[in-house]
$ cat final.cif   # mmCIF, C-alpha atoms
data_entry
#
loop_
_atom_site.label_atom_id
_atom_site.label_comp_id
_atom_site.auth_asym_id
_atom_site.auth_seq_id
_atom_site.Cartn_x
_atom_site.Cartn_y
_atom_site.Cartn_z
CA MET A 1379 34.08 -8.36 46.39
CA ASP A 1380 33.37 -7.28 49.98
CA PRO A 1381 30.40 -4.94 50.73
CA GLU A 1382 32.59 -1.91 51.55
CA THR A 1383 34.54 -2.16 48.28
CA ALA A 1384 31.33 -2.63 46.34
CA LEU A 1385 29.82 0.46 47.99
CA GLU A 1386 32.87 2.52 47.00
CA PHE A 1387 32.43 1.49 43.37
CA VAL A 1388 28.73 2.33 43.55
CA LYS A 1389 29.46 5.81 44.91
CA HIS A 1390 32.44 6.76 42.74
CA GLY A 1391 31.72 4.80 39.58
CA ALA A 1392 29.35 6.19 36.98
CA ALA A 1393 25.83 4.87 36.48
CA LEU A 1394 23.70 4.43 33.38
CA LEU A 1395 19.99 4.64 34.19
CA LEU A 1396 17.90 3.11 31.41
CA LEU A 1397 14.19 3.47 32.05
CA ASP A 1398 11.38 1.34 30.58
CA VAL A 1399 13.58 -0.85 28.39
CA PRO A 1400 11.41 -3.80 27.21
CA GLN A 1401 12.18 -7.27 28.48
CA TYR A 1402 14.31 -9.46 26.15
CA THR A 1403 16.00 -6.41 24.58
CA LEU A 1404 19.67 -7.12 23.89
CA LEU A 1405 21.77 -4.46 25.59
CA GLY A 1406 25.52 -4.05 25.75
CA ILE A 1407 28.16 -1.80 27.20
CA ASP A 1408 31.72 -2.13 25.90
CA THR A 1409 32.58 -5.85 25.64
CA GLN A 1410 29.63 -6.92 27.82
CA MET A 1411 26.16 -7.84 26.60
CA PHE A 1412 22.96 -8.67 28.46
CA THR A 1413 19.40 -9.77 27.85
CA VAL A 1414 17.13 -7.31 29.66
CA GLY A 1415 15.05 -8.80 32.45
CA PRO A 1416 11.84 -7.50 34.08
CA ALA A 1417 13.62 -5.65 36.92
CA PHE A 1418 16.44 -4.12 34.86
CA LYS A 1419 16.88 -0.34 34.98
CA GLY A 1420 20.51 0.17 34.10
CA ILE A 1421 24.16 -0.42 34.97
CA LYS A 1422 26.20 0.81 37.94
CA MET A 1423 29.87 0.80 38.96
CA ILE A 1424 30.97 1.96 35.49
CA PRO A 1425 34.64 3.09 35.46
CA PRO A 1426 35.03 6.75 34.44
CA GLY A 1427 36.04 7.30 30.81
CA PRO A 1428 34.79 6.37 27.34
CA HIS A 1429 32.19 3.64 26.82
CA PHE A 1430 29.99 2.36 24.01
CA VAL A 1431 26.35 1.51 24.75
CA TYR A 1432 24.38 -0.50 22.20
CA TYR A 1433 21.06 -2.32 22.02
CA SER A 1434 18.72 -4.27 19.79
CA SER A 1435 14.98 -4.52 20.46
CA SER A 1436 13.33 -7.91 20.19
CA SER A 1437 10.17 -9.08 18.47
CA ARG A 1438 7.47 -10.55 20.70
CA SER A 1439 8.67 -14.04 19.90
CA GLY A 1440 12.18 -13.13 21.01
CA LYS A 1441 13.61 -14.70 17.85
CA GLU A 1442 14.11 -11.60 15.69
CA PHE A 1443 15.97 -8.43 16.51
CA SER A 1444 16.13 -4.92 15.12
CA PRO A 1445 19.40 -3.51 13.76
CA ILE A 1446 21.72 -2.56 16.61
CA THR A 1447 21.75 1.08 17.66
CA GLY A 1448 24.70 2.38 19.66
CA PHE A 1449 26.14 5.57 21.11
CA PHE A 1450 29.34 6.63 22.84
CA ILE A 1451 29.45 8.21 26.28
CA HIS A 1452 32.32 9.68 28.26
CA ALA A 1453 31.42 9.17 31.91
CA GLY A 1454 32.83 11.24 34.75
CA PRO A 1455 33.32 10.00 38.35
CA SER A 1456 29.94 9.45 40.06
CA GLU A 1457 28.14 10.77 36.97
CA VAL A 1458 24.64 9.49 36.25
CA ILE A 1459 23.62 9.26 32.59
CA VAL A 1460 19.89 8.86 32.00
CA ARG A 1461 18.05 7.49 28.96
CA GLN A 1462 14.42 6.46 28.58
CA TRP A 1463 12.86 4.00 26.15
CA ASP A 1464 10.61 5.55 23.53
CA GLN A 1465 8.09 2.81 22.82
CA GLN A 1466 6.90 4.27 19.53
CA GLU A 1467 10.36 4.74 18.03
CA GLU A 1468 11.85 1.70 19.81
CA ARG A 1469 14.98 3.49 20.92
CA LEU A 1470 16.59 5.12 23.93
CA VAL A 1471 16.18 8.91 24.11
CA LYS A 1472 17.47 11.63 26.41
CA VAL A 1473 15.24 13.08 29.12
CA SER A 1474 14.87 16.74 30.05
CA GLU A 1475 17.55 18.37 32.22
CA GLU A 1476 15.06 18.63 35.09
CA GLU A 1477 14.21 14.94 34.91
CA GLU A 1478 17.85 13.99 34.56
CA GLU A 1479 18.73 15.90 37.72
CA ARG A 1480 15.86 14.28 39.63
CA PHE A 1481 16.76 10.77 38.50
CA SER A 1482 20.47 11.40 39.17
CA GLN A 1483 19.75 12.27 42.77
CA ALA A 1484 17.61 9.16 43.12
CA VAL A 1485 20.43 6.98 41.78
CA LYS A 1486 22.98 8.59 44.11
CA SER A 1487 20.59 8.00 47.01
CA LEU A 1488 20.59 4.30 46.02
CA GLU A 1489 16.86 4.31 45.29
CA PHE A 1490 17.47 2.39 42.07
CA ASP A 1491 20.36 0.32 43.36
CA ARG A 1492 18.67 -3.10 43.35
CA HIS A 1493 17.57 -2.53 39.74
CA LEU A 1494 21.06 -1.69 38.46
CA GLY A 1495 23.33 -4.46 37.26
CA PRO A 1496 27.03 -4.08 38.09
CA TYR A 1497 29.59 -3.40 35.36
CA ASN A 1498 31.76 -6.52 35.05
CA LEU A 1499 35.12 -5.13 36.12
CA SER A 1500 36.91 -8.35 35.13
CA GLN A 1501 36.33 -7.36 31.48
CA TYR A 1502 37.41 -3.75 31.89
CA GLY A 1503 41.06 -4.45 31.01
CA GLU A 1504 40.00 -5.84 27.65
CA TRP A 1505 37.88 -2.75 26.97
CA LYS A 1506 40.74 -0.42 27.95
CA ARG A 1507 42.99 -2.04 25.36
CA LEU A 1508 40.34 -1.40 22.72
CA SER A 1509 39.71 2.22 23.73
CA ASN A 1510 42.90 3.65 25.26
CA TYR A 1511 43.08 6.42 22.60
CA LEU A 1512 39.33 7.10 22.62
CA THR A 1513 39.14 10.49 24.35
CA LYS A 1514 36.17 12.81 24.75
CA ASN A 1515 37.69 14.98 22.03
CA VAL A 1516 37.77 12.04 19.60
CA ILE A 1517 34.12 11.19 20.34
CA ASP A 1518 32.97 14.79 20.00
CA ARG A 1519 34.76 15.17 16.65
CA ILE A 1520 33.28 12.07 15.03
CA GLU A 1521 29.91 11.14 16.53
CA PRO A 1522 26.83 11.97 14.42
CA ILE A 1523 24.28 14.61 15.34
CA GLY A 1524 22.18 13.02 18.07
CA GLY A 1525 24.92 10.48 18.78
CA GLU A 1526 23.11 7.42 17.40
CA ILE A 1527 25.00 4.97 15.18
CA THR A 1528 23.03 2.26 13.33
CA VAL A 1529 23.32 0.41 10.04
CA ALA A 1530 19.60 1.07 9.48
CA THR A 1531 20.43 4.65 8.43
CA GLU A 1532 23.43 3.87 6.24
CA SER A 1533 22.04 2.45 2.99
CA VAL A 1534 22.46 5.72 1.08
CA MET A 1535 25.80 6.61 2.66
CA VAL A 1536 27.59 3.38 1.72
CA LYS A 1537 25.68 2.34 -1.43
CA ASN A 1538 28.23 3.73 -3.85
CA SER A 1539 31.34 2.62 -1.96
CA PRO A 1540 33.56 0.08 -3.74
CA LYS A 1541 33.30 -3.37 -2.13
CA THR A 1542 35.19 -6.63 -2.35
CA ALA A 1543 33.38 -9.98 -2.30
CA MET A 1544 34.06 -10.23 1.44
CA GLU A 1545 32.59 -6.77 2.07
CA LYS A 1546 29.49 -7.58 0.04
CA ALA A 1547 29.00 -10.67 2.20
CA LEU A 1548 29.45 -8.53 5.31
CA GLU A 1549 26.87 -6.03 4.06
CA GLU A 1550 24.41 -8.86 3.44
CA GLN A 1551 25.11 -10.25 6.91
CA LEU A 1552 24.38 -6.87 8.48
CA ARG A 1553 21.15 -6.34 6.57
CA THR A 1554 19.50 -9.76 6.81
CA SER A 1555 17.51 -11.39 9.61
CA LYS A 1556 16.17 -8.04 10.80
CA PHE A 1557 12.50 -7.41 11.37
CA SER A 1558 10.59 -4.47 9.92
CA ALA A 1559 11.70 -1.89 12.50
CA SER A 1560 14.67 -1.08 10.23
CA ALA A 1561 12.34 0.11 7.48
CA SER A 1562 10.66 2.73 9.63
CA VAL A 1563 13.70 4.78 10.62
CA ASP A 1564 12.89 8.49 10.67
CA LYS A 1565 14.64 10.23 7.77
CA SER A 1566 15.75 13.00 10.14
CA ARG A 1567 17.97 10.44 11.93
CA LYS A 1568 19.82 9.45 8.76
CA ARG A 1569 23.01 11.28 9.60
CA GLY A 1570 26.44 9.70 9.43
CA CYS A 1571 29.51 10.06 11.58
CA TYR A 1572 32.00 12.83 10.81
CA TYR A 1573 34.84 10.56 9.79
CA THR A 1574 38.00 11.91 8.19
CA LYS A 1575 37.94 11.51 4.42
CA ILE A 1576 40.65 9.15 3.20
CA PRO A 1577 41.11 9.15 -0.61
CA HIS A 1578 41.35 5.69 -2.20
CA VAL A 1579 43.57 6.97 -5.00
CA ILE A 1580 45.90 9.98 -4.92
CA LYS A 1581 45.43 12.43 -7.77
CA CYS A 1582 47.58 15.54 -8.09
CA LYS A 1583 47.60 18.04 -10.94
CA GLY A 1584 50.93 18.61 -12.62
CA MET A 1585 52.39 15.21 -11.72
CA ASN A 1586 53.43 12.71 -14.36
CA GLY A 1587 52.36 9.06 -14.34
CA GLU A 1588 55.54 7.80 -12.67
CA GLU A 1589 55.22 10.27 -9.77
CA LEU A 1590 51.54 9.41 -9.24
CA THR A 1591 52.32 5.69 -9.24
CA SER A 1592 55.03 6.27 -6.64
CA LEU A 1593 52.63 8.25 -4.42
CA ASN A 1594 50.01 5.52 -4.60
CA LEU A 1595 52.48 2.72 -3.92
CA ASP A 1596 53.89 4.46 -0.83
CA LYS A 1597 51.24 6.41 1.07
CA THR A 1598 53.71 8.08 3.42
CA GLU A 1599 53.16 11.52 1.88
CA LEU A 1600 49.37 11.10 2.01
CA LEU A 1601 49.55 9.99 5.64
CA GLU A 1602 51.65 13.04 6.51
CA SER A 1603 49.25 15.37 4.69
CA ILE A 1604 46.17 13.93 6.44
CA LEU A 1605 47.88 14.00 9.84
CA MET A 1606 48.70 17.69 9.53
CA LYS A 1607 45.52 18.84 7.80
CA ASP A 1608 42.85 16.79 9.61
CA TYR A 1609 44.44 15.87 12.93
CA GLY A 1610 46.60 18.91 13.62
CA GLY A 1611 49.66 16.66 13.64
CA SER A 1612 48.27 14.48 16.44
CA GLU A 1613 48.98 10.78 15.92
CA ASP A 1614 46.79 9.93 18.91
CA LEU A 1615 43.73 11.52 17.27
CA LEU A 1616 44.20 9.31 14.21
CA ILE A 1617 44.56 6.17 16.35
CA GLY A 1618 41.55 7.32 18.37
CA GLU A 1619 39.46 7.48 15.18
CA LEU A 1620 40.67 3.99 14.26
CA GLN A 1621 39.39 2.73 17.63
CA PHE A 1622 36.12 4.65 17.30
CA ALA A 1623 35.45 3.10 13.88
CA TYR A 1624 36.37 -0.42 15.02
CA ILE A 1625 34.05 -0.27 18.04
CA ALA A 1626 31.19 1.21 16.01
CA PHE A 1627 31.70 -1.53 13.43
CA LEU A 1628 32.14 -4.60 15.59
CA MET A 1629 29.80 -3.76 18.46
CA GLY A 1630 27.47 -1.31 16.72
CA GLN A 1631 27.45 -3.32 13.45
CA SER A 1632 27.91 -0.14 11.40
CA LEU A 1633 28.91 -0.69 7.79
CA GLU A 1634 30.00 2.94 7.48
CA ALA A 1635 32.36 2.36 10.42
CA PHE A 1636 33.82 -0.74 8.79
CA LEU A 1637 34.61 1.20 5.62
CA GLN A 1638 36.36 3.91 7.66
CA TRP A 1639 38.31 1.33 9.67
CA LYS A 1640 39.38 -0.32 6.43
CA ALA A 1641 40.40 3.05 4.94
CA LEU A 1642 42.56 3.94 7.95
CA VAL A 1643 44.19 0.49 8.11
CA SER A 1644 44.88 0.61 4.36
CA LEU A 1645 46.37 4.11 4.66
CA ILE A 1646 48.72 3.21 7.50
CA LEU A 1647 49.81 -0.19 6.21
CA GLY A 1648 50.18 1.30 2.72
CA CYS A 1649 53.24 3.30 3.86
CA THR A 1650 56.76 2.04 3.19
CA GLU A 1651 58.87 5.01 4.37
CA ALA A 1652 56.89 6.26 7.39
CA PRO A 1653 57.44 3.18 9.62
CA PHE A 1654 61.22 3.59 9.57
CA HIS A 1655 61.82 7.31 9.20
CA THR A 1656 59.08 9.83 9.93
CA ARG A 1657 56.41 8.01 11.94
CA SER A 1658 57.96 5.04 13.77
CA GLN A 1659 56.11 5.81 17.02
CA LEU A 1660 52.79 6.00 15.19
CA PHE A 1661 53.38 2.51 13.79
CA ILE A 1662 54.28 1.13 17.21
CA LYS A 1663 50.97 2.46 18.57
CA PHE A 1664 49.08 1.21 15.53
CA ILE A 1665 50.40 -2.35 15.65
CA LYS A 1666 49.54 -2.66 19.36
CA VAL A 1667 46.04 -1.34 18.74
CA MET A 1668 45.54 -3.54 15.66
CA TYR A 1669 46.72 -6.63 17.51
CA TYR A 1670 44.18 -6.19 20.31
CA GLN A 1671 41.39 -5.39 17.87
CA LEU A 1672 41.95 -8.62 15.97
CA LYS A 1673 42.51 -10.61 19.14
CA TYR A 1674 39.14 -9.48 20.52
CA GLY A 1675 37.25 -9.69 17.24
CA LEU A 1676 38.35 -13.24 16.43
CA GLN A 1677 37.57 -14.79 19.80
CA LYS A 1678 35.21 -17.70 19.22
CA ASP A 1679 34.70 -18.60 22.86
CA ARG A 1680 33.63 -15.14 24.03
CA GLU A 1681 30.68 -15.44 26.40
CA GLU A 1682 27.86 -12.94 26.64
CA THR A 1683 25.80 -12.66 29.80
CA ASN A 1684 22.45 -14.47 29.80
CA GLY A 1685 22.91 -15.90 26.31
CA ALA A 1686 22.78 -12.45 24.77
CA ALA A 1687 24.64 -13.56 21.66
CA VAL A 1688 21.31 -14.65 20.19
CA GLY A 1689 20.45 -12.43 17.22
CA VAL A 1690 23.87 -10.76 17.06
CA SER A 1691 26.14 -11.81 14.20
CA THR A 1692 29.81 -12.64 14.51
CA LEU A 1693 31.36 -10.17 12.09
CA LEU A 1694 34.96 -11.37 12.13
CA ASP A 1695 35.72 -14.85 10.88
CA GLU A 1696 38.33 -16.75 8.88
CA SER A 1697 37.34 -15.02 5.65
CA TRP A 1698 39.18 -11.93 6.93
CA PHE A 1699 42.42 -13.81 6.36
CA SER A 1700 41.61 -15.46 3.07
CA ALA A 1701 44.17 -14.78 0.35
CA ASP A 1702 41.95 -12.24 -1.42
CA SER A 1703 41.12 -10.12 1.64
CA PHE A 1704 42.60 -6.64 1.99
CA LEU A 1705 43.73 -7.40 5.55
CA HIS A 1706 45.64 -10.55 4.61
CA ARG A 1707 47.45 -8.74 1.80
CA LEU A 1708 48.33 -5.64 3.82
CA CYS A 1709 49.53 -7.57 6.88
CA LYS A 1710 51.65 -9.89 4.74
CA ASP A 1711 53.22 -6.98 2.84
CA PHE A 1712 53.95 -5.05 6.04
CA ILE A 1713 55.63 -8.03 7.73
CA LEU A 1714 57.81 -8.53 4.64
CA LEU A 1715 58.61 -4.82 4.63
CA VAL A 1716 59.86 -4.93 8.24
CA GLN A 1717 61.78 -8.15 7.72
CA ASP A 1718 63.60 -6.74 4.71
CA ALA A 1719 64.41 -3.35 6.24
CA SER A 1720 68.09 -2.70 7.01
CA VAL A 1721 67.45 -0.32 9.93
CA VAL A 1722 64.39 -0.78 12.11
CA ASP A 1723 63.23 0.93 15.30
CA GLY A 1724 63.73 -1.54 18.15
CA ASP A 1725 60.15 -1.43 19.42
CA LEU A 1726 58.77 -1.76 15.90
CA LEU A 1727 60.87 -4.87 15.36
CA THR A 1728 59.45 -6.36 18.58
CA TRP A 1729 55.89 -5.63 17.57
CA LYS A 1730 56.21 -7.05 14.05
CA ILE A 1731 56.41 -10.41 15.87
CA ILE A 1732 52.99 -9.68 17.34
CA LEU A 1733 51.63 -8.74 13.92
CA SER A 1734 52.91 -12.02 12.53
CA CYS A 1735 50.76 -13.79 15.11
CA VAL A 1736 47.67 -12.51 13.32
CA GLY A 1737 47.61 -15.50 10.96
CA HIS A 1738 47.41 -17.91 13.89
CA LEU A 1739 44.49 -16.11 15.51
CA ARG A 1740 42.15 -17.86 13.07
CA GLU A 1741 42.81 -21.22 14.68
CA ARG A 1742 43.34 -20.35 18.31
CA LEU A 1743 44.30 -17.23 20.22
CA ILE A 1744 47.91 -17.46 21.31
CA ARG A 1745 49.94 -15.69 23.92
CA CYS A 1746 52.19 -12.93 22.63
CA PRO A 1747 54.74 -10.75 24.50
CA SER A 1748 53.04 -8.68 27.18
CA MET A 1749 53.29 -4.92 27.10
#
$ encode --input "final.cif" --output "structure tokens"
Amino acid sequence: MDPETALEFVKHGAALLLLDVPQYTLLGIDTQMFTVGPAFKGIKMIPPGPHFVYYSSSSRSGKEFSPITGFFIHAGPSEVIVRQWDQQEERLVKVSEEEEERFSQAVKSLEFDRHLGPYNLSQYGEWKRLSNYLTKNVIDRIEPIGGEITVATESVMVKNSPKTAMEKALEEQLRTSKFSASASVDKSRKRGCYYTKIPHVIKCKGMNGEELTSLNLDKTELLESILMKDYGGSEDLLIGELQFAYIAFLMGQSLEAFLQWKALVSLILGCTEAPFHTRSQLFIKFIKVMYYQLKYGLQKDREETNGAAVGVSTLLDESWFSADSFLHRLCKDFILLVQDASVVDGDLLTWKIILSCVGHLRERLIRCPSM
């Protein structure tokens, strides 16, 4: 990149100023992760739009890491977002409006420029595919009070949720190999995200057993009810929440987010009438989004900057496609549903080919039809 182009990105891209972050802290933005060095003070040249920032503080030995904490931002052109490290609480906090204005001017005057690492624009396309429905409205609707998402606050929230063997293993993976910082989380920060409630089983008064069985076998009516009641009829808001939950789960390692992602996937893939009659366009959007989520999550050769993968677990593996996993069952049933349908939307038929590629992603990512 030539100096003039780089300067344009510096001036018109957003910047994230992160003050006093300890060396060796793991810090990520979107699909990029870094190990903090002694001169690091943030990230510049960030494309405007939604982003997810996440970090994990290190022990003195650099071998143990706290649970990841993350938060969403929606950056405007040339906007400067400022956070400062609170040494006592070991987390990033907001600064006063006066300080934020002062630091923003300093960043725009390039006073911090040599301490700001550039956003890797070569990975931006991948992030866009994971967040193309993630609007400011979606973030504002769902994010917790204070904005922080971390598994360290979720033990009470998810304790009573039903779990398969795979999910129990995931929970154990998220909660082990963490040093004592997780035990000292302030109770006032134990607030969850405002996810849409998705019932596991449909119960309606006045319905006989046969009608209830039919409703639970085909979740089209439930999907329609939730779309109208909770999303104002907006399919994009629902898909946006699916992306929010996936990002908070995979990058923020939030168990609550995983359970919401699972609930939304189960709701959508549990429909047999909606794909072909009432909500074909929703399913086209969903399959594209789902494909890119699994493609990203199952990459085994993904490289983090400066070896930052140390201390961060890989949450998606082959167990997600074992015969007893919910994802394997739902994907298999949906593919069979599309194959057996007599009349299918043309685009949906194209994208069922992509969904069928999911099984091969375990071995090696393959090329599917471009969009």
$ resolve_selection --input "final.cif" --expression "the PyMOL selection byres ((chain A and resi 1712) around 10)" --output "count of residues only"
20
$ closest_residue --input "final.cif" --among "A:Ser1509, A:Thr1413, A:Gln1621, A:Thr1528" --to "Lys1640 (chain A)" --atoms "all atoms listed in the file"
A:Gln1621
$ closest_residue --input "final.cif" --among "A:Thr1403, A:Lys1575, A:Tyr1502, A:Pro1496" --to "Tyr1609 (chain A)" --atoms "only C-alpha atoms"
A:Lys1575
$ residues_around --input "final.cif" --residues "region 1429-1437 of chain A" --least-positions-apart "4" --cutoff "6 Å" --atoms "all atoms listed in the file" --output "JSON, numbers by chain"
{"A": [1403, 1404, 1405, 1406, 1407, 1408, 1442, 1443, 1444, 1446, 1447, 1448, 1449, 1450, 1451]}
$ residues_around --input "final.cif" --residues "Lys1506 (chain A)" --least-positions-apart "6" --cutoff "12 Å" --atoms "all atoms listed in the file" --output "mmCIF file with C-alpha atoms, in the coordinates of the input"
data_model
loop_
_atom_site.group_PDB
_atom_site.id
_atom_site.type_symbol
_atom_site.label_atom_id
_atom_site.label_comp_id
_atom_site.auth_asym_id
_atom_site.auth_seq_id
_atom_site.Cartn_x
_atom_site.Cartn_y
_atom_site.Cartn_z
ATOM 1 C CA ASP A 1408 31.720 -2.130 25.900
ATOM 2 C CA THR A 1409 32.580 -5.850 25.640
ATOM 3 C CA PRO A 1425 34.640 3.090 35.460
ATOM 4 C CA PRO A 1426 35.030 6.750 34.440
ATOM 5 C CA GLY A 1427 36.040 7.300 30.810
ATOM 6 C CA PRO A 1428 34.790 6.370 27.340
ATOM 7 C CA HIS A 1429 32.190 3.640 26.820
ATOM 8 C CA PHE A 1430 29.990 2.360 24.010
ATOM 9 C CA LEU A 1499 35.120 -5.130 36.120
ATOM 10 C CA SER A 1500 36.910 -8.350 35.130
ATOM 11 C CA LEU A 1512 39.330 7.100 22.620
ATOM 12 C CA THR A 1513 39.140 10.490 24.350
ATOM 13 C CA GLN A 1621 39.390 2.730 17.630
ATOM 14 C CA ILE A 1625 34.050 -0.270 18.040
ATOM 15 C CA VAL A 1667 46.040 -1.340 18.740
ATOM 16 C CA TYR A 1670 44.180 -6.190 20.310
ATOM 17 C CA GLN A 1671 41.390 -5.390 17.870
ATOM 18 C CA TYR A 1674 39.140 -9.480 20.520
#
$ resolve_selection --input "final.cif" --expression "the PyMOL selection byres ((chain A and resi 1519-1525) around 8)" --output "list in words"
Phe1449, Phe1450, Asn1515, Val1516, Ile1517, Asp1518, Glu1526, Ile1527, Arg1567, Arg1569, Gly1570, Cys1571, Tyr1572, Tyr1573 and Glu1619 of chain A
$ residues_around --input "final.cif" --residues "Phe1490 (chain A)" --least-positions-apart "6" --cutoff "12 Å" --atoms "all atoms listed in the file" --output "PyMOL selection string"
chain A and resi 1388+1393-1397+1417-1422+1458+1481-1484
$ decode --input "final.cif" --residues "region 1445-1468 of chain A" --atoms "N, CA and C atoms" --output "tab-separated table (two decimals), in the first residue's frame"
chain	number	residue	atom	x	y	z
A	1445	PRO	N	-10.84	-15.41	31.30
A	1445	PRO	CA	-11.92	-15.58	30.32
A	1445	PRO	C	-11.99	-14.36	29.39
A	1446	ILE	N	-12.28	-14.62	28.14
A	1446	ILE	CA	-12.36	-13.52	27.17
A	1446	ILE	C	-13.52	-12.60	27.51
A	1447	THR	N	-13.28	-11.30	27.38
A	1447	THR	CA	-14.32	-10.28	27.49
A	1447	THR	C	-14.41	-9.58	26.15
A	1448	GLY	N	-15.62	-9.36	25.66
A	1448	GLY	CA	-15.77	-8.70	24.37
A	1448	GLY	C	-16.90	-7.69	24.37
A	1449	PHE	N	-16.88	-6.80	23.39
A	1449	PHE	CA	-17.97	-5.84	23.23
A	1449	PHE	C	-18.06	-5.42	21.76
A	1450	PHE	N	-19.28	-5.13	21.34
A	1450	PHE	CA	-19.52	-4.67	19.97
A	1450	PHE	C	-19.39	-3.15	19.90
A	1451	ILE	N	-18.92	-2.67	18.77
A	1451	ILE	CA	-18.92	-1.25	18.47
A	1451	ILE	C	-19.51	-1.06	17.07
A	1452	HIS	N	-20.04	0.12	16.81
A	1452	HIS	CA	-20.46	0.46	15.45
A	1452	HIS	C	-19.76	1.77	15.10
A	1453	ALA	N	-18.67	1.67	14.38
A	1453	ALA	CA	-17.79	2.81	14.14
A	1453	ALA	C	-18.24	3.64	12.94
A	1454	GLY	N	-18.22	4.95	13.11
A	1454	GLY	CA	-18.51	5.86	12.01
A	1454	GLY	C	-17.23	6.28	11.31
A	1455	PRO	N	-17.31	6.88	10.12
A	1455	PRO	CA	-16.12	7.36	9.41
A	1455	PRO	C	-15.31	8.32	10.27
A	1456	SER	N	-14.02	8.08	10.37
A	1456	SER	CA	-13.08	8.93	11.12
A	1456	SER	C	-13.37	9.00	12.62
A	1457	GLU	N	-14.26	8.14	13.11
A	1457	GLU	CA	-14.57	8.15	14.54
A	1457	GLU	C	-13.41	7.57	15.35
A	1458	VAL	N	-13.20	8.11	16.52
A	1458	VAL	CA	-12.19	7.58	17.44
A	1458	VAL	C	-12.92	7.06	18.69
A	1459	ILE	N	-12.74	5.78	18.97
A	1459	ILE	CA	-13.34	5.15	20.15
A	1459	ILE	C	-12.23	4.91	21.16
A	1460	VAL	N	-12.44	5.38	22.38
A	1460	VAL	CA	-11.38	5.34	23.39
A	1460	VAL	C	-11.77	4.43	24.55
A	1461	ARG	N	-10.86	3.55	24.94
A	1461	ARG	CA	-11.00	2.74	26.14
A	1461	ARG	C	-9.68	2.77	26.90
A	1462	GLN	N	-9.76	2.62	28.21
A	1462	GLN	CA	-8.55	2.62	29.04
A	1462	GLN	C	-8.56	1.39	29.94
A	1463	TRP	N	-7.38	0.81	30.17
A	1463	TRP	CA	-7.28	-0.39	30.98
A	1463	TRP	C	-7.39	-0.05	32.46
A	1464	ASP	N	-8.32	-0.71	33.13
A	1464	ASP	CA	-8.45	-0.59	34.58
A	1464	ASP	C	-7.63	-1.72	35.19
A	1465	GLN	N	-6.53	-1.38	35.81
A	1465	GLN	CA	-5.61	-2.39	36.31
A	1465	GLN	C	-6.21	-3.24	37.42
A	1466	GLN	N	-7.02	-2.62	38.27
A	1466	GLN	CA	-7.61	-3.35	39.38
A	1466	GLN	C	-8.64	-4.38	38.90
A	1467	GLU	N	-9.49	-3.97	37.96
A	1467	GLU	CA	-10.54	-4.86	37.47
A	1467	GLU	C	-10.10	-5.69	36.27
A	1468	GLU	N	-8.92	-5.37	35.72
A	1468	GLU	CA	-8.37	-6.08	34.57
A	1468	GLU	C	-9.34	-6.10	33.40
